[in-house]
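Trainee: First the structure, which I've put down as structure tokens, then a few questions once you've had a look.
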Amino acid sequence: MKGLKGKRVLITGASSGIGAGMAKVLAREGCHLVLHYNRNQTGIKQTMKAVESLGLESGSKVSVLQCDFKALESLPKFFDQAWSVFSGLDGLVNNAGIVSKVTALKDPFGKQFAETLNINLHAPYQLSNAFAQACIDAKKTGAIVNNSSIHGQATCEWFSAYAASKAGLDAISKVQAVEWGQYQIRVNVLAPGVVPVERTDAILLEPEMAEKWQATIPAGRYGTTEDMGEATAFLLSDASAWMTGSILTMDGGLIARGNYPIR
Ligand SMILES: NC(=O)c1ccc[n+]([C@@H]2O[C@H](COP(=O)([O-])OP(=O)(O)OC[C@H]3O[C@@H](n4cnc5c(N)ncnc54)[C@H](OP(=O)(O)O)[C@@H]3O)[C@@H](O)[C@H]2O)c1
């Protein structure tokens with residue numbers, strides 16, 4: 001991918017799922033990676049092992065950092081550590097997130113709502129601000145990819161908190177893109193559809209459920225973590241140099257279709 005080799009990139013939430021898929025694609029492309037995790041030590045070790053083996057061919061280097069984004073006050077130190085690993089960063093992928101499913105009436109005081117917003121929205125907002133300020137101070141360009149969701153655009157029952165966090169992420173990405181265009185700091189959104197990951201495998205790979213989704217998704221299949229990695233590589237690379245403030249929806253056509261009965 002154009003201009004990607006040697007770029008220094010922080011990926012949050014790389015211990016499983018989409019973040020691990022992104023790490024593998026970016027390692028294949030020769031990026032130097034700072035991989036973040038929270039609790040899943042086994043998962044981050046697996047990602048690191050895969051990335052190190054890809055790096056033998058591509059020259060990619062890797063380092064790992066832990067942080068719990070529930071503790072927002074720990075973000076400045078976390079970011080400073082990530083920035084210093086390779087003496088600067090060229091890219092930030094805000095991928096870490098939680099999928100909270102609860103009906104609004106079961107969360108009357110918004111406890112789960114607030115926690116979801118902290119991890120999925122406040123944390124990426126603050127990390128992006130820190131990244132942009134560091135790039136401006138260092139007089140360098142940068143690219144941010146915010147991993148949102150189709151729930152930012154079209155949602156359903158149980159997802160008040162999740163959809164609000166992702167719609168908010170879409171919104172701040174546009175504002176930050178506008179504010180930081182003058183510094184050549186790009187901010188784009190990846191909006192994945194349904195992508196089976198370790199967390200969801202038991203449900204989504206169950207044959208009846210898989211059949212239902214395959215019939216609903218125009219492309220006839222789920223997305224893969226590698227699909228998301230390839231899109232992220234594009235958004236970080238010079239192939240998307242004039243793209244900022246955009247939402248790249250990757251969902252096999254799911255939300256383009258609308259809610260019409262299947263003919
Ligand atoms: N899979 C899908 O179908 C899909 C679709 C649309 C969007 N997304 C988005 O993709 C992103 C990754 O999700 P995934 O599906 O790949 O799920 P996942 O495998 O559960 O990955 C979530 C990642 O976020 C990290 N994380 C969770 N809570 C955290 C906290 N308090 N502080 C810091 N990091 C935390 C996890 O770290 P530890 O496990 O190490 O604690 C993990 O690395 C999320 O933003 C999600 O909304 C997923």
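Within each chain, counting starts at residue 1; across the structure tokens, chains are named A, B, ... in the order shown, with ligands numbered 1 upward in that order.
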Ligand 1: which residues are within 8 Å, counting only C-alpha atoms and all ligand atoms, as a PyMOL selection string?

Mentor: chain A and resi 12-20+36-41+43-44+66-71+94-99+119-120+147-151+162+166+191-200+223+225

Trainee: Can those selected residues be exported to a file as a PDB file, in the first residue's frame so that it contains C-alpha atoms?

Mentor:
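As a result, part_7.pdb now contains:
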ATOM      1  CA  THR A  12      -5.758   0.192  20.442  1.00  0.00           C
ATOM      2  CA  GLY A  13      -7.524  -3.060  21.293  1.00  0.00           C
ATOM      3  CA  ALA A  14      -5.177  -5.364  19.396  1.00  0.00           C
ATOM      4  CA  SER A  15      -5.542  -8.378  21.710  1.00  0.00           C
ATOM      5  CA  SER A  16      -8.348  -9.984  19.693  1.00  0.00           C
ATOM      6  CA  GLY A  17     -10.847  -9.552  16.885  1.00  0.00           C
ATOM      7  CA  ILE A  18     -10.634  -6.668  14.442  1.00  0.00           C
ATOM      8  CA  GLY A  19      -7.646  -5.028  16.161  1.00  0.00           C
ATOM      9  CA  ALA A  20      -5.622  -8.229  15.818  1.00  0.00           C
ATOM     10  CA  HIS A  36      -2.478  -1.902  23.011  1.00  0.00           C
ATOM     11  CA  TYR A  37      -4.516  -4.297  25.133  1.00  0.00           C
ATOM     12  CA  ASN A  38      -6.458  -4.094  28.362  1.00  0.00           C
ATOM     13  CA  ARG A  39      -7.054  -7.469  30.045  1.00  0.00           C
ATOM     14  CA  ASN A  40      -6.413 -10.187  27.462  1.00  0.00           C
ATOM     15  CA  GLN A  41      -2.736 -11.064  27.946  1.00  0.00           C
ATOM     16  CA  GLY A  43      -4.602 -12.616  23.115  1.00  0.00           C
ATOM     17  CA  ILE A  44      -1.991  -9.879  22.879  1.00  0.00           C
ATOM     18  CA  GLN A  66      -1.486  -2.012  28.516  1.00  0.00           C
ATOM     19  CA  CYS A  67      -4.152   0.498  29.559  1.00  0.00           C
ATOM     20  CA  ASP A  68      -7.725   0.388  30.877  1.00  0.00           C
ATOM     21  CA  PHE A  69      -9.661   3.154  29.116  1.00  0.00           C
ATOM     22  CA  LYS A  70     -12.284   3.153  31.871  1.00  0.00           C
ATOM     23  CA  ALA A  71      -9.686   5.149  33.799  1.00  0.00           C
ATOM     24  CA  ASN A  94      -8.767   3.961  17.689  1.00  0.00           C
ATOM     25  CA  ASN A  95     -10.164   0.440  17.584  1.00  0.00           C
ATOM     26  CA  ALA A  96     -10.726  -0.609  21.234  1.00  0.00           C
ATOM     27  CA  GLY A  97     -14.373  -0.676  22.180  1.00  0.00           C
ATOM     28  CA  ILE A  98     -17.120  -2.524  23.975  1.00  0.00           C
ATOM     29  CA  VAL A  99     -20.435  -3.652  22.542  1.00  0.00           C
ATOM     30  CA  ILE A 119     -14.481   3.664  26.425  1.00  0.00           C
ATOM     31  CA  ASN A 120     -15.900   4.097  22.909  1.00  0.00           C
ATOM     32  CA  ASN A 147     -13.214   2.172  14.180  1.00  0.00           C
ATOM     33  CA  SER A 148     -16.898   2.978  14.460  1.00  0.00           C
ATOM     34  CA  SER A 149     -19.735   0.687  13.328  1.00  0.00           C
ATOM     35  CA  ILE A 150     -22.737   0.635  11.051  1.00  0.00           C
ATOM     36  CA  HIS A 151     -24.647   1.301  14.301  1.00  0.00           C
ATOM     37  CA  TYR A 162     -23.412   1.593  21.572  1.00  0.00           C
ATOM     38  CA  LYS A 166     -20.491   5.271  17.429  1.00  0.00           C
ATOM     39  CA  ALA A 191     -17.709   1.533   9.839  1.00  0.00           C
ATOM     40  CA  PRO A 192     -17.727  -2.275   9.897  1.00  0.00           C
ATOM     41  CA  GLY A 193     -20.800  -4.423   9.505  1.00  0.00           C
ATOM     42  CA  VAL A 194     -20.991  -7.913  11.012  1.00  0.00           C
ATOM     43  CA  VAL A 195     -17.523  -9.392  11.590  1.00  0.00           C
ATOM     44  CA  PRO A 196     -17.255 -12.616  13.607  1.00  0.00           C
ATOM     45  CA  VAL A 197     -14.583 -12.353  16.298  1.00  0.00           C
ATOM     46  CA  GLU A 198     -13.686 -14.555  19.289  1.00  0.00           C
ATOM     47  CA  ARG A 199     -16.297 -12.663  21.357  1.00  0.00           C
ATOM     48  CA  THR A 200     -19.138 -13.427  18.920  1.00  0.00           C
ATOM     49  CA  GLY A 223     -16.843  -9.612   6.990  1.00  0.00           C
ATOM     50  CA  THR A 225     -10.949  -9.100  10.474  1.00  0.00           C
TER      51      THR A 225
END

Trainee: Using DSSP assignments from the backbone, pull out every residue in stretch 6-217 of chain A that falls under alpha helix (DSSP H) and give it to me as a count of residues only.

Mentor: 98

Trainee: Using only C-alpha atoms, which of the listed residues (A:Gly30, A:Val189, A:Arg8, A:Thr216) sits closest to A:Gln176?

Mentor: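 Closest residue, counting only C-alpha atoms: A:Val189.
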
Trainee: Can you work out the spacing between atom CA of A:Gly3 and atom CA of A:Asp238 in Å, to one decimal?

Mentor: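 Taking atom CA of A:Gly3 as the start and atom CA of A:Asp238 as the end point, the length is 5.3 Å.
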
Trainee: Excluding A:Lys77 and its own-chain neighbours fewer than 3 positions away, which residues fall within 12 Å of it when counting only C-alpha atoms? Please give them as number ranges by chain.

Mentor: A: 65-69, 71-74, 80-84, 126-127, 130
